[in-house]
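Visitor: File structure.tsv follows (TSV, C-alpha atoms):
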chain	number	residue	atom	x	y	z
A	1	MET	CA	90.71	72.93	87.05
A	2	PRO	CA	90.18	71.78	83.46
A	3	ASP	CA	90.76	68.04	82.98
A	4	PRO	CA	93.98	68.37	80.90
A	5	VAL	CA	95.57	70.52	83.62
A	6	THR	CA	94.35	68.24	86.42
A	7	LYS	CA	95.91	65.22	84.70
A	8	VAL	CA	99.26	66.99	84.45
A	9	PHE	CA	99.07	68.11	88.06
A	10	GLU	CA	98.27	64.61	89.31
A	11	SER	CA	101.15	63.09	87.35
A	12	THR	CA	103.85	65.41	88.73
A	13	SER	CA	105.98	64.77	91.80
A	14	SER	CA	106.54	68.36	92.92
A	15	PHE	CA	104.48	71.55	93.16
A	16	THR	CA	106.01	75.03	93.05
A	17	LEU	CA	104.03	78.23	93.59
A	18	GLU	CA	104.97	81.86	94.05
A	19	VAL	CA	104.99	81.68	97.86
A	20	LYS	CA	104.47	78.68	100.14
A	21	LEU	CA	101.19	79.19	101.98
A	22	ASP	CA	102.22	78.15	105.48
A	23	SER	CA	101.45	79.81	108.83
A	24	GLN	CA	104.77	81.68	108.81
A	25	VAL	CA	103.75	83.48	105.61
A	26	ALA	CA	100.52	84.68	107.23
A	27	LEU	CA	102.41	86.07	110.23
A	28	GLU	CA	105.02	87.80	108.06
A	29	THR	CA	102.31	89.30	105.86
A	30	LEU	CA	100.39	90.74	108.80
A	31	SER	CA	103.56	92.13	110.36
A	32	MET	CA	104.63	93.94	107.19
A	33	MET	CA	101.15	95.43	106.68
A	34	MET	CA	101.17	97.12	110.08
A	35	LEU	CA	102.54	100.57	110.92
A	36	LYS	CA	105.36	100.58	113.43
A	37	ASP	CA	105.75	102.35	116.76
A	38	SER	CA	102.99	104.85	117.55
A	39	SER	CA	102.18	105.79	113.95
A	40	ASN	CA	98.54	105.74	112.88
A	41	LEU	CA	96.92	105.88	109.47
A	42	LYS	CA	94.49	108.67	110.33
A	43	THR	CA	97.39	111.07	110.92
A	44	ILE	CA	99.13	109.96	107.71
A	45	LEU	CA	96.07	110.21	105.46
A	46	GLY	CA	94.12	113.00	107.07
A	47	LYS	CA	90.55	112.67	108.37
A	48	LYS	CA	88.75	112.77	105.01
A	49	LEU	CA	90.79	110.11	103.18
A	50	PHE	CA	90.98	107.96	106.30
A	51	ALA	CA	87.18	108.07	106.69
A	52	LYS	CA	86.71	106.92	103.06
A	53	SER	CA	89.30	104.16	103.52
A	54	SER	CA	87.82	102.98	106.80
A	55	SER	CA	84.28	102.92	105.39
A	56	LEU	CA	85.31	100.72	102.45
A	57	MET	CA	87.44	98.44	104.60
A	58	ALA	CA	84.47	97.84	106.89
A	59	ASP	CA	82.91	95.86	104.01
A	60	TYR	CA	85.94	93.57	104.23
A	61	GLY	CA	85.21	92.93	107.91
A	62	MET	CA	87.92	95.22	109.22
A	63	PRO	CA	87.12	97.59	112.12
A	64	GLU	CA	88.32	101.19	112.12
A	65	SER	CA	90.75	100.54	114.98
A	66	MET	CA	92.61	97.95	112.91
A	67	VAL	CA	92.48	100.04	109.72
A	68	ASN	CA	94.19	102.80	111.70
A	69	ARG	CA	97.20	100.51	112.23
A	70	LEU	CA	97.66	99.57	108.56
A	71	LYS	CA	100.04	101.07	106.02
A	72	PRO	CA	98.40	102.81	103.03
A	73	TRP	CA	99.55	100.08	100.62
A	74	ALA	CA	97.78	97.44	102.70
A	75	ILE	CA	94.52	99.34	102.15
A	76	PHE	CA	94.80	99.73	98.38
A	77	VAL	CA	95.92	96.14	97.92
A	78	THR	CA	92.92	94.91	99.92
A	79	LEU	CA	90.48	97.17	98.08
A	80	SER	CA	91.85	95.98	94.72
A	81	THR	CA	90.85	92.35	95.38
A	82	PRO	CA	87.43	90.69	95.48
A	83	LYS	CA	85.83	90.28	98.89
A	84	ASN	CA	86.50	86.91	100.50
A	85	GLN	CA	83.57	84.53	100.00
A	86	THR	CA	84.94	81.01	100.47
A	87	GLY	CA	88.47	81.49	101.84
A	88	GLN	CA	89.69	79.50	98.84
A	89	PHE	CA	91.72	80.64	95.84
A	90	LEU	CA	93.44	78.62	93.15
A	91	ASP	CA	96.93	78.68	94.69
A	92	LYS	CA	95.49	77.47	98.01
A	93	VAL	CA	93.45	74.72	96.34
A	94	LEU	CA	96.54	73.46	94.51
A	95	TYR	CA	98.68	73.79	97.64
A	96	ASP	CA	96.24	71.69	99.69
A	97	ARG	CA	96.00	69.07	96.92
A	98	ALA	CA	99.79	68.89	96.68
A	99	ILE	CA	100.07	68.27	100.43
A	100	SER	CA	97.35	65.61	100.23
A	101	ASP	CA	99.16	63.95	97.31
A	102	GLY	CA	102.48	63.97	99.15
A	103	LYS	CA	104.21	66.15	96.57
A	104	SER	CA	107.40	68.08	97.36
A	105	ILE	CA	106.43	71.76	97.68
A	106	TYR	CA	108.58	74.77	96.84
A	107	GLY	CA	108.15	78.55	96.78
A	108	LEU	CA	109.74	80.84	94.21
A	109	GLU	CA	109.77	83.79	96.61
A	110	THR	CA	109.38	84.62	100.27
A	111	ALA	CA	106.50	86.69	101.61
A	112	LYS	CA	109.00	89.38	102.64
A	113	GLU	CA	110.32	89.62	99.08
A	114	GLN	CA	106.83	89.96	97.63
A	115	LEU	CA	105.60	92.51	100.14
A	116	ALA	CA	108.81	94.56	100.00
A	117	ILE	CA	107.62	95.66	96.56
A	118	PHE	CA	104.79	97.59	98.24
A	119	ASN	CA	106.63	98.34	101.46
A	120	ASP	CA	109.43	100.18	99.64
A	121	VAL	CA	107.04	102.53	97.84
A	122	PRO	CA	107.38	106.00	99.45
A	123	ILE	CA	104.43	106.90	101.68
A	124	SER	CA	103.58	109.87	99.44
A	125	GLU	CA	103.19	107.51	96.47
A	126	GLN	CA	101.28	104.95	98.56
A	127	ILE	CA	98.76	107.70	99.33
A	128	ILE	CA	98.39	108.58	95.64
A	129	LEU	CA	97.81	104.92	94.77
A	130	LEU	CA	95.25	104.66	97.58
A	131	GLU	CA	93.42	107.74	96.29
A	132	ASP	CA	93.36	106.26	92.77
A	133	THR	CA	92.05	102.95	94.13
A	134	ILE	CA	89.22	104.64	96.05
A	135	LYS	CA	88.37	106.82	93.05
A	136	ASN	CA	88.01	103.75	90.82
A	137	TYR	CA	86.59	101.42	93.48
A	138	GLY	CA	83.11	101.45	91.96
A	139	LYS	CA	84.55	99.97	88.75
A	140	LEU	CA	86.07	96.97	90.55
A	141	PRO	CA	83.16	94.51	90.07
A	142	ASP	CA	83.18	95.14	86.30
A	143	ILE	CA	86.98	94.84	86.18
A	144	ILE	CA	86.91	91.54	88.10
A	145	GLU	CA	84.14	90.20	85.86
A	146	GLU	CA	86.04	91.15	82.70
A	147	MET	CA	89.29	89.76	84.07
A	148	THR	CA	87.59	86.46	84.94
A	149	ARG	CA	86.08	86.19	81.46
A	150	ILE	CA	89.47	86.84	79.82
A	151	TYR	CA	91.22	84.39	82.16
A	152	LEU	CA	88.74	81.61	81.40
A	153	ALA	CA	89.15	82.33	77.68
A	154	ARG	CA	92.94	81.93	78.17
A	155	ASP	CA	93.55	85.20	76.28
A	156	LEU	CA	96.87	86.50	77.59
A	157	GLY	CA	96.97	89.40	75.13
A	158	ALA	CA	93.60	90.67	76.33
A	159	LEU	CA	94.75	90.30	79.94
A	160	VAL	CA	97.75	92.56	79.25
A	161	ALA	CA	95.48	95.07	77.47
A	162	LEU	CA	93.08	95.15	80.42
A	163	ASN	CA	95.95	95.73	82.84
A	164	GLU	CA	97.26	98.63	80.71
A	165	LYS	CA	93.76	100.12	80.53
A	166	TYR	CA	93.46	99.95	84.32
A	167	ILE	CA	96.86	101.64	84.74
A	168	LYS	CA	95.71	104.61	82.65
A	169	ASP	CA	92.79	105.18	85.03
A	170	GLY	CA	95.23	106.16	87.80
A	171	ASN	CA	98.62	107.79	88.14
A	172	ALA	CA	100.34	106.05	85.22
A	173	GLN	CA	103.89	107.05	86.17
A	174	ILE	CA	103.71	105.66	89.70
A	175	THR	CA	101.65	102.62	88.69
A	176	ASN	CA	103.98	101.69	85.83
A	177	LYS	CA	106.95	101.84	88.19
A	178	LEU	CA	105.11	99.59	90.64
A	179	MET	CA	104.04	97.16	87.89
A	180	LYS	CA	107.64	96.82	86.70
A	181	ARG	CA	108.61	95.64	90.16
A	182	LEU	CA	105.48	93.50	90.52
A	183	VAL	CA	105.74	91.75	87.17
A	184	VAL	CA	108.93	92.22	85.14
A	185	ASP	CA	111.49	92.14	87.96
A	186	ARG	CA	109.79	89.18	89.60
A	187	ASN	CA	109.61	87.28	86.31
A	188	ILE	CA	113.41	87.25	86.16
A	189	ARG	CA	113.71	86.16	89.78
A	190	MET	CA	111.11	83.43	89.46
A	191	VAL	CA	112.60	81.97	86.25
A	192	ASN	CA	116.00	81.78	87.92
A	193	ARG	CA	114.56	80.08	90.98
A	194	MET	CA	112.48	77.50	89.11
A	195	ALA	CA	115.63	76.23	87.39
A	196	ASN	CA	116.24	73.42	89.89
A	197	GLN	CA	112.70	72.07	89.57
A	198	LEU	CA	112.87	72.26	85.77
A	199	LYS	CA	116.20	70.44	85.79
A	200	THR	CA	114.82	67.73	88.09
A	201	GLY	CA	111.73	67.44	85.90
A	202	ASN	CA	108.20	66.21	86.51
A	203	ALA	CA	107.40	69.54	88.18
A	204	PHE	CA	104.16	71.54	88.26
A	205	ILE	CA	104.87	75.29	88.61
A	206	ALA	CA	102.04	77.79	89.11
A	207	VAL	CA	102.34	81.58	88.70
A	208	GLY	CA	99.89	84.40	88.07
A	209	ALA	CA	98.76	84.64	84.45
A	210	LEU	CA	100.10	88.18	83.97
A	211	HIS	CA	103.62	86.83	84.51
A	212	LEU	CA	103.41	84.67	81.36
A	213	PRO	CA	103.12	86.92	78.26
A	214	GLY	CA	105.33	89.53	76.64
A	215	GLU	CA	108.99	90.00	75.83
A	216	ASN	CA	109.84	90.01	79.53
A	217	GLY	CA	107.26	87.34	80.38
A	218	ILE	CA	108.15	83.98	81.88
A	219	LEU	CA	107.33	82.05	78.70
A	220	ASN	CA	109.78	84.09	76.64
A	221	LEU	CA	112.43	84.07	79.37
A	222	LEU	CA	112.23	80.26	79.51
A	223	GLN	CA	112.62	80.01	75.75
A	224	ASN	CA	115.66	82.30	75.94
A	225	LYS	CA	117.15	79.75	78.35
A	226	VAL	CA	116.66	77.09	75.63
A	227	HIS	CA	113.60	75.47	77.22
A	228	ILE	CA	110.93	74.17	74.85
A	229	VAL	CA	107.57	75.75	75.71
A	230	SER	CA	104.30	74.19	74.50
A	231	VAL	CA	100.63	74.57	75.38
A	232	VAL	CA	98.93	71.90	77.54
A	233	TYR	CA	95.55	73.66	77.63
Spell out the structure here as structure tokens.
Guide:
Amino acid sequence: MPDPVTKVFESTSSFTLEVKLDSQVALETLSMMMLKDSSNLKTILGKKLFAKSSSLMADYGMPESMVNRLKPWAIFVTLSTPKNQTGQFLDKVLYDRAISDGKSIYGLETAKEQLAIFNDVPISEQIILLEDTIKNYGKLPDIIEEMTRIYLARDLGALVALNEKYIKDGNAQITNKLMKRLVVDRNIRMVNRMANQLKTGNAFIAVGALHLPGENGILNLLQNKVHIVSVVY
């Protein structure tokens, strides 16, 4: 992290992130990704789409037999993220540091609440989103590179623009509905749930950058609740 942010983190007594990264979260996540009963993905998708999905998932170290047990949303979510290289990501790094520092740790949501956003999408729409993801999969490295550049430049407006551009590459109606649940609805929930930590004070709260900007973004929602918002870095 940049020095100014590290100094703030080290000086705080509590750390709050979107979801606490304990072993229970991992188990709940895996459970919700899996099809129930005797259902299998090959039957749901058909041979052609399943073969494409399975081939791409093999690059993520997932055998066909396991892919066949996953829900369609679990495939498109996996294919929309960079391949695991180190096992580390910023939330996990901060979480481990907070434990090492003896900070109180809180989560703004449960894993079930987060994943219900995908789980509640009708199967027919999950399949459309999967098809869009596979269609645009070749663009992912460029998208990740551009997103990283914008993130490091701390340009929230450009981040929103990139997200809107990506939405237009797929089924905009379905994707916009999903993004409302992923971003806007969760912003309201997270602002309400961070109230106790803000009231207590001396709290470090970390959320994804796309949750910050806009009329319905966390920064504006906090200001509407008469909090003073200023830039640290």
Visitor: Using all atoms listed in the file, which protein or nucleic acid residues come within 12 Å of segment 52-62 of chain A? Drop anything in the same chain fewer than 2 positions from it, and give the result as a VMD selection string.
Guide: chain A and resid 41 to 42 45 to 50 64 to 85 127 130 to 135 137 to 138
Visitor: Between atom CA of Arg154 of chain A and atom CA of Pro4 of chain A, measure the distance and give it in Å to one decimal.
Guide: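 About the pair atom CA of Arg154 of chain A and atom CA of Pro4 of chain A: they are 13.9 Å apart.
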Visitor: Taking all atoms listed in the file into account, name the residue in A:Ala98, A:Ile228, A:Met190, A:Leu178 that is nearest to Val121 of chain A.
Guide: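 Selected residue with least distance to Val121 of chain A: A:Leu178.
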Visitor: Just how far from atom CA of Val93 of chain A is atom CA of Thr6 of chain A, in Å to one decimal?
Guide: 11.9 Å
Visitor: Give the padded box for segment 136-140 of chain A as JSON: axis-aligned, covering all atoms listed in the file, 5 Å on each side, centre and edge lengths in Å to one decimal.
Guide:
{"center_x": 85.6, "center_y": 100.4, "center_z": 91.1, "size_x": 14.9, "size_y": 16.8, "size_z": 14.7}
Visitor: Compare A:Phe89, A:Ile174, A:Ala26, A:Asp37 by their minimum atom-to-atom distance to Pro122 of chain A, counting only C-alpha atoms, and give me the closest one.
Guide: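 Ranked by minimum distance to Pro122 of chain A, first place goes to A:Ile174.
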Visitor: Atom CA of Phe118 of chain A and atom CA of Pro63 of chain A, how far apart in Å?
Guide: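 Separating atom CA of Pro63 of chain A from atom CA of Phe118 of chain A is a distance of 22.5 Å.
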Visitor: Extract, using all atoms listed in the file, all DNA, RNA and protein residues at most 6 Å from segment 200-206 of chain A, discarding same-chain residues fewer than 4 positions from it, and format them as a list in words.
Guide: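 Within the cut-off, the hits are Thr12, Ser13, Ser14, Phe15, Thr16 and Leu17 of chain A.
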Visitor: Name all residues at most 10 Å from Gly217 of chain A (count all atoms listed in the file; drop same-chain ones fewer than 2 positions away) and give them as a PyMOL selection string.
Guide: chain A and resi 183-188+191+209-215+219-222
Visitor: Can you work out which one of A:Thr175, A:Ser104, A:Asn224, A:Gln24 has the shortest atom-to-atom distance to Gln126 of chain A, counting only C-alpha atoms?
Guide: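 Distance minimum relative to Gln126 of chain A lands on A:Thr175.
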